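File shown: data.txt. Contents: compact mmCIF, C-alpha atoms and all ligand atoms.
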```
# COMPACT_ATOMS: atom_id res chain seq x y z
CA MET A 1 113.84 118.95 84.26
CA LEU A 2 113.51 117.92 87.88
CA THR A 3 112.49 121.11 89.59
CA GLN A 4 112.14 121.25 93.31
CA THR A 5 110.84 124.69 94.02
CA ILE A 6 107.96 124.88 96.40
CA ASP A 7 104.43 124.78 95.15
CA LEU A 8 102.81 122.65 97.78
CA GLN A 9 99.52 124.46 97.67
CA LYS A 10 98.85 123.15 94.25
CA LEU A 11 99.41 119.58 95.35
CA VAL A 12 97.44 119.80 98.54
CA LYS A 13 94.48 121.61 97.05
CA SER A 14 93.94 119.33 94.10
CA GLU A 15 91.13 117.26 95.49
CA LYS A 16 89.84 116.00 92.23
CA VAL A 17 90.58 112.30 92.01
CA THR A 18 92.38 111.41 88.83
CA PRO A 19 93.68 108.01 87.84
CA ARG A 20 97.44 107.76 88.01
CA ARG A 21 97.70 107.54 84.26
CA GLU A 22 96.17 110.97 83.88
CA ARG A 23 98.19 112.59 86.62
CA LYS A 24 100.84 115.07 85.71
CA PRO A 25 104.27 113.57 85.46
CA VAL A 26 105.99 114.15 88.77
CA SER A 27 108.85 115.94 87.08
CA GLN A 28 106.37 118.69 86.22
CA VAL A 29 104.84 118.91 89.66
CA LYS A 30 106.81 121.34 91.75
CA THR A 31 107.40 119.95 95.20
CA GLU A 32 109.98 120.00 97.86
CA TYR A 33 110.30 116.25 97.86
CA SER A 34 113.83 114.89 98.08
CA ASN A 35 115.59 114.10 94.81
CA GLU A 36 115.34 110.39 95.47
CA THR A 37 111.57 110.55 95.96
CA ILE A 38 111.14 112.58 92.78
CA TRP A 39 113.27 110.13 90.81
CA MET A 40 111.50 107.11 92.25
CA LEU A 41 108.04 108.51 91.49
CA ALA A 42 109.18 109.29 87.93
CA VAL A 43 110.35 105.69 87.59
CA ARG A 44 107.10 104.36 89.06
CA ASP A 45 104.64 106.56 87.22
CA ASP A 46 106.45 107.37 83.98
CA ARG A 47 109.04 104.59 83.64
CA ASP A 48 111.57 107.42 83.35
CA ARG A 49 114.99 105.97 82.47
CA GLY A 50 116.84 109.20 83.21
CA ALA A 51 115.40 109.18 86.71
CA PHE A 52 116.38 105.53 87.05
CA ALA A 53 119.95 106.35 86.02
CA ALA A 54 119.98 109.08 88.68
CA LEU A 55 118.78 106.56 91.27
CA PHE A 56 121.54 104.21 90.14
CA ASP A 57 124.18 106.91 90.55
CA HIS A 58 122.91 107.68 94.02
CA PHE A 59 122.29 104.20 95.39
CA ALA A 60 124.59 101.78 93.57
CA PRO A 61 127.87 102.93 95.23
CA ARG A 62 126.19 103.10 98.65
CA LEU A 63 124.64 99.67 98.17
CA LYS A 64 128.00 98.28 97.18
CA GLY A 65 129.64 99.72 100.29
CA PHE A 66 126.75 98.48 102.44
CA ILE A 67 126.84 94.95 101.05
CA ILE A 68 130.63 94.70 101.41
CA LYS A 69 130.24 95.83 105.01
CA GLY A 70 127.84 92.94 105.44
CA GLY A 71 130.58 90.52 104.45
CA ALA A 72 130.28 90.07 100.67
CA SER A 73 133.21 90.23 98.25
CA PRO A 74 133.32 93.25 95.90
CA GLN A 75 132.33 91.04 92.98
CA GLN A 76 129.44 89.42 94.86
CA ALA A 77 128.39 92.89 95.98
CA GLU A 78 128.14 94.12 92.38
CA GLU A 79 125.98 91.14 91.48
CA ILE A 80 123.65 91.96 94.33
CA VAL A 81 123.65 95.67 93.39
CA GLN A 82 122.58 94.65 89.90
CA ASP A 83 119.78 92.48 91.31
CA VAL A 84 118.61 95.22 93.65
CA MET A 85 118.62 97.94 90.99
CA LEU A 86 116.67 95.77 88.56
CA THR A 87 114.18 94.93 91.30
CA ILE A 88 113.72 98.67 91.94
CA TRP A 89 112.83 99.10 88.26
CA ARG A 90 110.59 96.05 88.05
CA LYS A 91 108.73 96.45 91.34
CA ALA A 92 108.50 100.24 91.22
CA ASP A 93 104.70 100.05 91.42
CA MET A 94 105.07 98.69 94.97
CA PHE A 95 106.76 101.89 96.14
CA ASP A 96 104.48 104.01 98.33
CA PRO A 97 106.06 107.30 99.45
CA HIS A 98 103.37 107.70 102.13
CA ARG A 99 104.83 104.79 104.05
CA ALA A 100 108.48 104.48 103.01
CA GLN A 101 111.38 106.66 102.10
CA VAL A 102 113.18 105.45 98.99
CA SER A 103 116.20 104.51 101.13
CA ALA A 104 114.02 102.35 103.41
CA TRP A 105 112.45 100.64 100.43
CA VAL A 106 115.85 100.01 98.82
CA TYR A 107 117.22 98.73 102.15
CA GLN A 108 114.41 96.20 102.35
CA ILE A 109 115.03 94.97 98.78
CA ALA A 110 118.78 94.73 99.44
CA ARG A 111 118.27 92.66 102.60
CA ASN A 112 115.91 90.33 100.74
CA ARG A 113 118.35 89.73 97.91
CA ARG A 114 121.19 89.11 100.33
CA ILE A 115 119.15 86.56 102.29
CA ASP A 116 117.76 84.83 99.21
CA ILE A 117 121.30 84.33 97.96
CA ALA A 118 122.81 83.34 101.32
CA ARG A 119 120.07 80.90 102.32
CA LYS A 120 118.95 79.82 98.88
CA GLU A 121 115.38 80.22 100.05
CA ASN A 122 113.06 83.19 99.88
CA ARG A 123 112.61 85.31 102.92
CA PRO A 124 108.94 85.13 103.87
CA MET A 125 107.38 88.53 103.23
CA PRO A 126 104.18 90.03 104.62
CA GLU A 127 101.28 90.29 102.22
CA ALA A 128 101.72 93.46 100.18
CA LEU A 129 99.40 96.40 100.68
CA LYS A 130 99.10 98.19 97.40
CA GLU A 131 98.25 101.82 97.16
CA GLU A 132 94.91 102.24 95.53
CA PRO A 133 95.50 103.64 92.08
CA GLU A 134 92.80 106.29 92.43
CA LEU A 135 94.25 107.64 95.68
CA GLU A 136 95.61 111.18 95.31
CA PRO A 137 99.12 111.64 96.65
CA ASP A 138 99.07 113.34 100.04
CA ALA A 139 102.02 115.72 99.90
CA SER A 140 101.89 116.61 103.59
CA GLN A 141 102.12 112.95 104.54
CA ILE A 142 105.00 112.34 102.13
CA LEU A 143 106.88 115.41 103.35
CA GLY A 144 106.10 114.54 106.96
CA LEU A 145 107.71 111.15 106.50
CA GLU A 146 110.76 112.80 104.95
CA GLN A 147 111.03 115.09 107.98
CA GLU A 148 110.72 112.15 110.36
CA THR A 149 113.49 110.40 108.49
CA THR A 150 115.72 113.46 108.78
CA GLN A 151 115.08 113.46 112.53
CA LEU A 152 115.89 109.78 112.68
CA LYS A 153 119.12 110.51 110.86
CA CYS A 154 120.00 113.19 113.41
CA ALA A 155 119.15 110.84 116.27
CA LEU A 156 121.49 108.21 114.81
CA ALA A 157 124.22 110.79 114.25
CA ALA A 158 123.95 111.89 117.88
CA LEU A 159 124.64 108.38 119.19
CA LYS A 160 127.97 107.53 120.78
CA PRO A 161 130.20 105.72 118.28
CA GLU A 162 129.85 102.40 120.17
CA GLN A 163 126.06 102.67 120.17
CA ARG A 164 126.03 103.62 116.53
CA GLU A 165 128.15 100.60 115.73
CA VAL A 166 125.73 98.27 117.48
CA ILE A 167 122.79 99.73 115.56
CA GLU A 168 124.69 99.37 112.30
CA LYS A 169 125.52 95.76 113.06
CA ALA A 170 121.89 95.04 113.94
CA TYR A 171 120.58 96.41 110.66
CA LEU A 172 123.35 94.78 108.64
CA GLY A 173 121.98 91.50 109.95
CA GLU A 174 125.01 90.69 112.09
CA LEU A 175 123.19 90.42 115.42
CA THR A 176 120.71 87.77 116.51
CA HIS A 177 117.38 88.86 117.96
CA GLN A 178 118.68 87.88 121.41
CA GLU A 179 121.67 90.16 120.93
CA ILE A 180 119.42 92.98 119.72
CA SER A 181 117.05 92.58 122.68
CA THR A 182 119.87 93.25 125.12
CA GLN A 183 120.58 96.54 123.32
CA THR A 184 118.13 99.08 124.60
CA GLY A 185 116.73 102.15 122.93
CA LEU A 186 116.42 101.58 119.22
CA PRO A 187 115.95 105.16 117.99
CA LEU A 188 112.53 104.82 116.41
CA GLY A 189 111.14 108.06 117.80
CA THR A 190 107.90 109.21 116.26
CA ILE A 191 108.48 107.70 112.86
CA LYS A 192 106.18 104.79 113.72
CA SER A 193 103.15 107.01 114.13
CA ARG A 194 104.01 108.83 110.92
CA ILE A 195 104.13 105.56 109.04
CA ARG A 196 100.88 104.53 110.70
CA LEU A 197 99.27 107.62 109.18
CA GLY A 198 100.44 106.39 105.80
CA LEU A 199 98.89 103.03 106.50
CA GLN A 200 95.59 104.60 107.40
CA ARG A 201 95.33 105.87 103.85
CA LEU A 202 95.02 102.26 102.91
CA ARG A 203 92.03 101.75 105.16
CA HIS A 204 90.09 99.97 102.47
CA GLU A 205 92.66 97.24 102.26
CA LEU A 206 93.14 97.28 106.01
CA LYS A 207 89.42 96.76 106.51
CA ASP A 208 89.81 93.45 104.73
CA LEU A 209 92.83 92.59 106.84
CA THR A 210 91.39 93.26 110.24
CA GLN A 211 87.79 92.19 109.79
CA MET B 1 86.22 90.10 116.46
CA SER B 2 88.55 91.35 119.15
CA ALA B 3 91.60 93.41 118.30
CA ILE B 4 95.10 91.99 118.28
CA THR B 5 96.75 92.56 121.65
CA HIS B 6 99.90 90.41 121.52
CA HIS B 7 102.44 91.88 119.10
CA VAL B 8 105.98 91.29 117.85
CA PRO B 9 108.62 92.80 120.18
CA ASP B 10 110.88 95.44 118.63
CA ALA B 11 114.08 93.41 118.81
CA ILE B 12 112.44 90.62 116.82
CA LEU B 13 111.02 93.04 114.25
CA ALA B 14 114.47 94.61 113.87
CA ALA B 15 116.03 91.18 113.34
CA TYR B 16 113.31 90.34 110.83
CA ALA B 17 113.91 93.63 108.95
CA ALA B 18 117.64 92.93 108.90
CA GLY B 19 117.11 89.34 107.83
CA SER B 20 118.86 87.77 110.82
CA LEU B 21 115.79 86.01 112.16
CA PRO B 22 115.73 82.21 111.64
CA GLN B 23 113.48 81.21 108.73
CA ALA B 24 110.82 79.53 110.92
CA PHE B 25 110.33 82.71 112.96
CA ALA B 26 110.39 84.84 109.83
CA VAL B 27 107.33 82.90 108.61
CA ALA B 28 105.53 83.61 111.90
CA VAL B 29 106.51 87.31 111.92
CA ALA B 30 105.60 87.85 108.25
CA SER B 31 102.24 86.16 108.94
CA HIS B 32 101.53 88.34 111.97
CA VAL B 33 102.50 91.51 110.08
CA SER B 34 100.12 90.45 107.30
CA LEU B 35 97.32 90.58 109.89
CA CYS B 36 98.50 93.50 112.03
CA ALA B 37 98.69 97.16 110.90
CA HIS B 38 100.39 98.09 114.18
CA CYS B 39 103.36 95.80 113.57
CA ARG B 40 103.44 96.66 109.87
CA ALA B 41 104.01 100.31 110.80
CA ALA B 42 106.67 99.29 113.33
CA LEU B 43 108.40 97.07 110.76
CA GLU B 44 108.41 99.91 108.24
CA ALA B 45 109.97 102.13 110.92
CA HIS B 46 112.77 99.60 111.33
CA GLN B 47 113.23 99.60 107.58
CA ALA B 48 113.52 103.39 107.78
CA VAL B 49 116.42 102.99 110.22
CA GLY B 50 118.03 100.53 107.82
CA GLY B 51 117.49 103.05 105.02
CA VAL B 52 119.21 105.82 106.97
CA ILE B 53 122.17 103.53 107.65
CA LEU B 54 122.30 102.63 103.95
CA GLU B 55 122.25 106.35 103.03
CA ASP B 56 125.12 107.03 105.43
CA THR B 57 127.26 104.14 104.23
CA GLU B 58 130.51 105.14 102.62
CA ALA B 59 130.13 104.77 98.86
CA VAL B 60 132.33 102.29 97.01
CA ALA B 61 132.73 103.01 93.30
CA VAL B 62 131.01 100.48 91.05
CA SER B 63 132.75 99.16 87.95
CA SER B 64 132.19 101.27 84.86
CA SER B 65 130.33 98.55 82.96
CA LEU B 66 127.70 97.94 85.65
CA ARG B 67 125.62 101.04 84.91
CA ASN B 68 125.26 100.33 81.19
CA SER B 69 124.75 96.66 81.78
CA ILE B 70 121.79 97.42 84.05
CA LEU B 71 120.33 100.12 81.80
CA ASP B 72 120.49 97.62 78.92
CA GLN B 73 118.48 95.10 80.92
CA LEU B 74 115.52 97.35 81.67
CA ASP B 75 113.55 96.00 78.72
CA VAL B 76 114.50 92.37 79.15
CA PRO B 77 111.37 90.36 79.94
CA PHE B 78 111.39 88.73 83.36
CA THR B 79 109.25 86.30 85.28
CA PRO B 80 107.70 87.98 88.31
CA GLU B 81 108.08 86.08 91.57
CA PRO B 82 104.92 84.22 92.57
CA VAL B 83 102.60 86.13 94.89
CA TYR B 84 100.98 84.07 97.63
CA GLU B 85 97.62 85.49 98.58
CA ARG B 86 95.67 84.91 101.71
CA ASN B 87 93.32 81.95 101.56
CA GLY B 88 90.61 81.84 104.21
CA ILE B 89 92.25 81.96 107.62
CA TYR B 90 95.74 81.43 106.20
CA PRO B 91 97.81 84.57 105.49
CA GLY B 92 100.06 84.74 102.41
CA PRO B 93 103.29 83.68 104.17
CA VAL B 94 101.55 80.53 105.51
CA ILE B 95 100.26 79.73 102.02
CA GLU B 96 103.83 80.18 100.79
CA ALA B 97 105.13 77.84 103.51
CA MET B 98 102.49 75.30 102.39
CA GLN B 99 103.62 75.91 98.79
CA GLY B 100 100.06 76.69 97.85
CA ARG B 101 98.57 73.37 98.95
CA ALA B 102 95.76 72.83 101.48
CA PRO B 103 96.65 71.72 105.03
CA ARG B 104 97.35 68.00 105.41
CA TRP B 105 96.30 67.18 108.95
CA LYS B 106 97.89 64.28 110.79
CA LYS B 107 96.37 63.02 114.04
CA LEU B 108 98.42 63.51 117.17
CA GLY B 109 95.86 62.03 119.57
CA MET B 110 93.07 63.52 121.71
CA GLY B 111 91.64 65.26 118.66
CA VAL B 112 94.81 67.33 118.21
CA ARG B 113 96.13 67.42 114.66
CA GLN B 114 99.20 68.91 113.08
CA ASP B 115 100.67 69.63 109.67
CA ILE B 116 104.43 70.07 109.58
CA LEU B 117 105.25 72.69 106.96
CA SER B 118 108.99 72.51 107.43
CA ALA B 119 111.39 70.97 109.90
CA ASP B 120 115.14 70.84 109.98
CA ALA B 121 118.00 71.46 112.37
CA GLN B 122 117.34 75.22 112.26
CA GLY B 123 113.74 74.90 113.41
CA SER B 124 110.26 73.91 112.46
CA VAL B 125 107.01 75.46 111.30
CA ARG B 126 103.74 73.60 111.79
CA LEU B 127 100.02 74.13 111.89
CA LEU B 128 98.23 72.86 114.97
CA TYR B 129 94.53 72.09 115.23
CA ILE B 130 93.21 71.90 118.76
CA PRO B 131 89.54 70.99 119.44
CA PRO B 132 87.55 73.38 121.65
CA GLY B 133 88.42 73.03 125.32
CA GLN B 134 91.35 70.71 124.55
CA ALA B 135 94.86 71.37 125.85
CA VAL B 136 97.88 71.47 123.60
CA PRO B 137 100.02 68.55 124.68
CA ASP B 138 102.13 69.61 127.61
CA HIS B 139 105.49 70.56 126.24
CA SER B 140 108.60 72.54 126.88
CA HIS B 141 111.14 73.60 124.32
CA ASN B 142 114.69 74.57 123.73
CA GLY B 143 115.06 78.13 122.62
CA LEU B 144 112.07 80.13 121.47
CA GLU B 145 108.59 79.18 120.33
CA MET B 146 106.23 81.51 118.47
CA THR B 147 102.54 80.70 118.21
CA LEU B 148 100.24 82.70 115.96
CA VAL B 149 96.49 82.16 116.28
CA LEU B 150 94.74 81.83 112.92
CA HIS B 151 91.32 80.63 114.10
CA GLY B 152 89.56 80.46 117.46
CA SER B 153 91.58 81.28 120.55
CA PHE B 154 93.55 79.71 123.37
CA SER B 155 94.48 80.64 126.90
CA ASP B 156 97.43 79.69 129.02
CA GLU B 157 99.21 80.79 132.18
CA THR B 158 100.22 84.05 130.49
CA GLY B 159 96.89 85.20 129.03
CA ARG B 160 94.35 84.82 126.27
CA PHE B 161 95.29 84.74 122.60
CA GLY B 162 92.82 85.40 119.78
CA VAL B 163 93.13 85.55 116.00
CA GLY B 164 96.28 87.43 115.00
CA ASP B 165 97.81 87.31 118.47
CA LEU B 166 101.39 86.10 118.64
CA GLU B 167 102.65 84.33 121.75
CA ILE B 168 106.41 84.20 122.21
CA ALA B 169 107.63 81.76 124.83
CA ASP B 170 111.23 80.99 125.72
CA GLU B 171 112.62 77.88 127.37
CA THR B 172 111.77 79.16 130.84
CA VAL B 173 108.05 78.95 130.07
CA GLU B 174 106.42 75.62 130.78
CA HIS B 175 102.96 76.52 129.59
CA THR B 176 99.77 74.63 128.84
CA PRO B 177 97.76 76.37 126.16
CA VAL B 178 94.10 75.30 126.17
CA ALA B 179 91.79 76.01 123.25
CA ASP B 180 88.89 78.16 124.46
CA PRO B 181 85.46 76.55 124.37
CA GLY B 182 83.27 77.15 121.34
CA ALA B 183 85.63 76.89 118.40
CA ALA B 184 88.61 74.83 117.45
CA CYS B 185 91.88 76.70 117.68
CA ILE B 186 94.14 76.62 114.65
CA CYS B 187 97.56 78.15 115.04
CA LEU B 188 100.92 78.38 113.40
CA ALA B 189 103.76 77.30 115.67
CA ALA B 190 107.39 78.05 114.91
CA THR B 191 110.40 76.88 116.88
CA ASP B 192 114.14 77.13 116.43
CA ALA B 193 114.58 73.71 117.98
CA ARG B 194 112.73 70.43 118.22
CA LEU B 195 109.70 70.50 120.49
CA ARG B 196 109.75 68.18 123.47
CA PHE B 197 106.36 66.87 124.42
CA ASN B 198 106.29 65.80 128.04
CA ALA B 199 103.23 63.65 128.27
CA LEU B 200 101.63 62.78 124.98
CA VAL B 201 104.39 61.02 123.13
CA PRO B 202 107.21 59.20 124.85
CA ARG B 203 110.44 61.02 124.13
CA LEU B 204 111.85 58.01 122.29
CA LEU B 205 109.09 58.18 119.71
CA GLN B 206 109.57 61.86 118.96
CA PRO B 207 111.91 61.40 116.01
CA LEU B 208 109.18 59.26 114.46
CA PHE B 209 106.59 62.00 114.76
CA ARG B 210 109.09 64.73 113.95
CA ILE B 211 107.83 66.85 116.81
ZN ZN C 301 101.20 93.22 115.88
```
What do you get writing this file as structure tokens?
Amino acid sequence: MLTQTIDLQKLVKSEKVTPRRERKPVSQVKTEYSNETIWMLAVRDDRDRGAFAALFDHFAPRLKGFIIKGGASPQQAEEIVQDVMLTIWRKADMFDPHRAQVSAWVYQIARNRRIDIARKENRPMPEALKEEPELEPDASQILGLEQETTQLKCALAALKPEQREVIEKAYLGELTHQEISTQTGLPLGTIKSRIRLGLQRLRHELKDLTQ
Amino acid sequence: MSAITHHVPDAILAAYAAGSLPQAFAVAVASHVSLCAHCRAALEAHQAVGGVILEDTEAVAVSSSLRNSILDQLDVPFTPEPVYERNGIYPGPVIEAMQGRAPRWKKLGMGVRQDILSADAQGSVRLLYIPPGQAVPDHSHNGLEMTLVLHGSFSDETGRFGVGDLEIADETVEHTPVADPGAACICLAATDARLRFNALVPRLLQPLFRI
């Protein structure tokens, strides 16, 4: 079903532009994408329920742990997990693997839900940049971002426990911006420039934004 | 059109990504990110850090009914959240803060006008209209003030700010922004405390003007 053997060449070489609808289902395209990316693309492009169930099995227990860490009760946490998972299904077309790992995208949705519930007002969000439907996936960019994320993971793992704890607190929303600004060295590394490459693919939209 | 040169500092982007930034500032940051590809990439990098932390969070088992309950809801119709699009000089998050209406300018004197989008104990968000060559009323503030230029430009003791530029001033800055000659300057100003105008309005009257 979800094969992950390497056949990058095929992806990279296909220069013919085909609308998403006519693209091969991702489950048939052999890539070395991570499982989560493959599942998410299958949800986005094919509304694949099996892939969604796999995403649930991967993310729901982590989300629950993450939300409880952020101060919610187990029951509240499950309600938020439900909200987040349904949002993943409903807003799947907003997922762009050239700019975000699935985990980053899910993190963002989870923080939004948590804030909307806690403050009873919507968190203001930047205008969305949507991937142009006729844009071919750029496998090297997607894989590059996955590699950057792995490096980021290593950088975080290499931190001293106290440092790691501060970073965790910051991204769980437990520190104010003043508190974060006194903590030096957020481990962003080169991931910014990688994401910027992903943004450049959207130059048509960006042209409108920056004119 | 000159490029954006004044960006959102990392600590503030991290707090925004984590949802710990006060609402008024979140409006300013989301608006800047809507205009700025540089900060959008940086924000997405912060979300990547959050994603890695989510991935590494210890899983907590979800109740057995949750999975089926969510899978059963995939076909349930839902109302998508409203999308606020850019309108003229106003980015989506500003339109959202205005709840879709047009600006309602109120005179502040000397040709300066304002429209208060929200104001409470946690902070305020307003639009300011400053005629060309006119100074923003001399003011200082508790806490932080963010000013995002939407039209024209202004200069103060710290530099020149054009469309898309975000000035962040803390309580130590007693600055006098002056709209550059040629065009009126329209900006979004967010504070986490009530502004104190030093000259224009006697302090006693400030509650009346809500400034
Ligand atoms: Zn910026």
Quiz prompt | Contacts with ligand ZN 301 (chain C) at most 12 Å, all atoms listed in the file counted, listed as number ranges by chain | solution = A: 210; B: 3-10, 12-13, 28-43, 148, 163-167
(message) Report as a PyMOL selection string all protein, DNA and RNA residues lying within 12 Å of B:Ala17, evaluated on only C-alpha atoms, omitting residues in the same chain fewer than 6 positions from it.
(response) (chain A and resi 104-105+107-112+115+123-126+170-177) or (chain B and resi 10-11+26+29-30+33+39-40+42-51)
Any chance you can output those residues with C-alpha atoms as a PDB file, keeping the file's coordinate frame?
```pdb
ATOM      1  CA  ALA A 104     114.020 102.350 103.410  1.00  0.00           C
ATOM      2  CA  TRP A 105     112.450 100.640 100.430  1.00  0.00           C
ATOM      3  CA  TYR A 107     117.220  98.730 102.150  1.00  0.00           C
ATOM      4  CA  GLN A 108     114.410  96.200 102.350  1.00  0.00           C
ATOM      5  CA  ILE A 109     115.030  94.970  98.780  1.00  0.00           C
ATOM      6  CA  ALA A 110     118.780  94.730  99.440  1.00  0.00           C
ATOM      7  CA  ARG A 111     118.270  92.660 102.600  1.00  0.00           C
ATOM      8  CA  ASN A 112     115.910  90.330 100.740  1.00  0.00           C
ATOM      9  CA  ILE A 115     119.150  86.560 102.290  1.00  0.00           C
ATOM     10  CA  ARG A 123     112.610  85.310 102.920  1.00  0.00           C
ATOM     11  CA  PRO A 124     108.940  85.130 103.870  1.00  0.00           C
ATOM     12  CA  MET A 125     107.380  88.530 103.230  1.00  0.00           C
ATOM     13  CA  PRO A 126     104.180  90.030 104.620  1.00  0.00           C
ATOM     14  CA  ALA A 170     121.890  95.040 113.940  1.00  0.00           C
ATOM     15  CA  TYR A 171     120.580  96.410 110.660  1.00  0.00           C
ATOM     16  CA  LEU A 172     123.350  94.780 108.640  1.00  0.00           C
ATOM     17  CA  GLY A 173     121.980  91.500 109.950  1.00  0.00           C
ATOM     18  CA  GLU A 174     125.010  90.690 112.090  1.00  0.00           C
ATOM     19  CA  LEU A 175     123.190  90.420 115.420  1.00  0.00           C
ATOM     20  CA  THR A 176     120.710  87.770 116.510  1.00  0.00           C
ATOM     21  CA  HIS A 177     117.380  88.860 117.960  1.00  0.00           C
TER      22      HIS A 177
ATOM     23  CA  ASP B  10     110.880  95.440 118.630  1.00  0.00           C
ATOM     24  CA  ALA B  11     114.080  93.410 118.810  1.00  0.00           C
ATOM     25  CA  ALA B  26     110.390  84.840 109.830  1.00  0.00           C
ATOM     26  CA  VAL B  29     106.510  87.310 111.920  1.00  0.00           C
ATOM     27  CA  ALA B  30     105.600  87.850 108.250  1.00  0.00           C
ATOM     28  CA  VAL B  33     102.500  91.510 110.080  1.00  0.00           C
ATOM     29  CA  CYS B  39     103.360  95.800 113.570  1.00  0.00           C
ATOM     30  CA  ARG B  40     103.440  96.660 109.870  1.00  0.00           C
ATOM     31  CA  ALA B  42     106.670  99.290 113.330  1.00  0.00           C
ATOM     32  CA  LEU B  43     108.400  97.070 110.760  1.00  0.00           C
ATOM     33  CA  GLU B  44     108.410  99.910 108.240  1.00  0.00           C
ATOM     34  CA  ALA B  45     109.970 102.130 110.920  1.00  0.00           C
ATOM     35  CA  HIS B  46     112.770  99.600 111.330  1.00  0.00           C
ATOM     36  CA  GLN B  47     113.230  99.600 107.580  1.00  0.00           C
ATOM     37  CA  ALA B  48     113.520 103.390 107.780  1.00  0.00           C
ATOM     38  CA  VAL B  49     116.420 102.990 110.220  1.00  0.00           C
ATOM     39  CA  GLY B  50     118.030 100.530 107.820  1.00  0.00           C
ATOM     40  CA  GLY B  51     117.490 103.050 105.020  1.00  0.00           C
TER      41      GLY B  51
END
```
Contacts of stretch 69-81 of chain B at 10 Å or less, counting only C-alpha atoms, minus same-chain residues fewer than 6 places along, as a PDB file with C-alpha atoms, in the coordinates of the input?
```pdb
ATOM      1  CA  ARG A  47     109.040 104.590  83.640  1.00  0.00           C
ATOM      2  CA  ARG A  49     114.990 105.970  82.470  1.00  0.00           C
ATOM      3  CA  GLY A  50     116.840 109.200  83.210  1.00  0.00           C
ATOM      4  CA  PHE A  52     116.380 105.530  87.050  1.00  0.00           C
ATOM      5  CA  ALA A  53     119.950 106.350  86.020  1.00  0.00           C
ATOM      6  CA  PHE A  56     121.540 104.210  90.140  1.00  0.00           C
ATOM      7  CA  VAL A  81     123.650  95.670  93.390  1.00  0.00           C
ATOM      8  CA  GLN A  82     122.580  94.650  89.900  1.00  0.00           C
ATOM      9  CA  ASP A  83     119.780  92.480  91.310  1.00  0.00           C
ATOM     10  CA  MET A  85     118.620  97.940  90.990  1.00  0.00           C
ATOM     11  CA  LEU A  86     116.670  95.770  88.560  1.00  0.00           C
ATOM     12  CA  THR A  87     114.180  94.930  91.300  1.00  0.00           C
ATOM     13  CA  TRP A  89     112.830  99.100  88.260  1.00  0.00           C
ATOM     14  CA  ARG A  90     110.590  96.050  88.050  1.00  0.00           C
ATOM     15  CA  LYS A  91     108.730  96.450  91.340  1.00  0.00           C
TER      16      LYS A  91
END
```
Please report the interatomic distance between atom CA of B:Asp170 and atom CA of A:Thr182 in Å with one decimal.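 Computing the Euclidean distance for atom CA of B:Asp170 and atom CA of A:Thr182 yields 15.0 Å.
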- In Å to one decimal, how far is atom CA of B:Ile116 from atom CA of B:Ala24?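 Value for the atom CA of B:Ala24-atom CA of B:Ile116 distance: 11.5 Å.
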* To do: Up to 6 Å from (96.3, 69.7, 117.4) in the file's coordinates: name the residues, counting only C-alpha atoms, as a list in words.
  => Val112, Arg113, Gln114, Leu128, Tyr129 and Ile130 of chain B
Which residues are near B:Ile95? Cut-off 10 Å, all atoms listed in the file, ignore same chain within fewer than 3 positions. Put them as a count of residues only. 16
Note to self: When you look at B:Pro132 with a cut-off of 7 Å (counting all atoms listed in the file), what residues show up, excluding the ones that are within fewer than 6 positions of it in the same chain? I need them as a list in words.
What the structure shows: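 The contact residues come out as Ala179, Asp180, Pro181, Gly182, Ala183, Ala184 and Cys185 of chain B.
Taking atom CA of B:Val136 and atom CA of B:Asp156 as endpoints, the distance between them is 9.9 Å.
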Counting only C-alpha atoms, the residue among A:Ala60, A:Glu148, A:Arg196, A:Glu79 that lies closest to B:Glu58 is A:Ala60
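Distances here use only C-alpha atoms; by that measure, the residue among A:Gly65, A:Pro137, A:Pro97, A:Gly144 closest to chain B is A:Gly65.
Among the candidates A:Ser193, A:Gln163, A:Ser73, A:Ser34, the residue lying nearest to A:Ile180 is A:Gln163 (atoms considered: all atoms listed in the file).
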Quiz item: Which residue gives the smallest distance to chain A among B:Trp105, B:Phe154, B:Phe25, B:Phe161, with all atoms listed in the file counted?
Solution: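 That would be B:Phe25, the residue with the smallest distance to chain A.
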One residue among A:Ile80, A:Ile88, A:Leu63, A:Val166 is nearest to chain B when using all atoms listed in the file, and that residue is A:Leu63
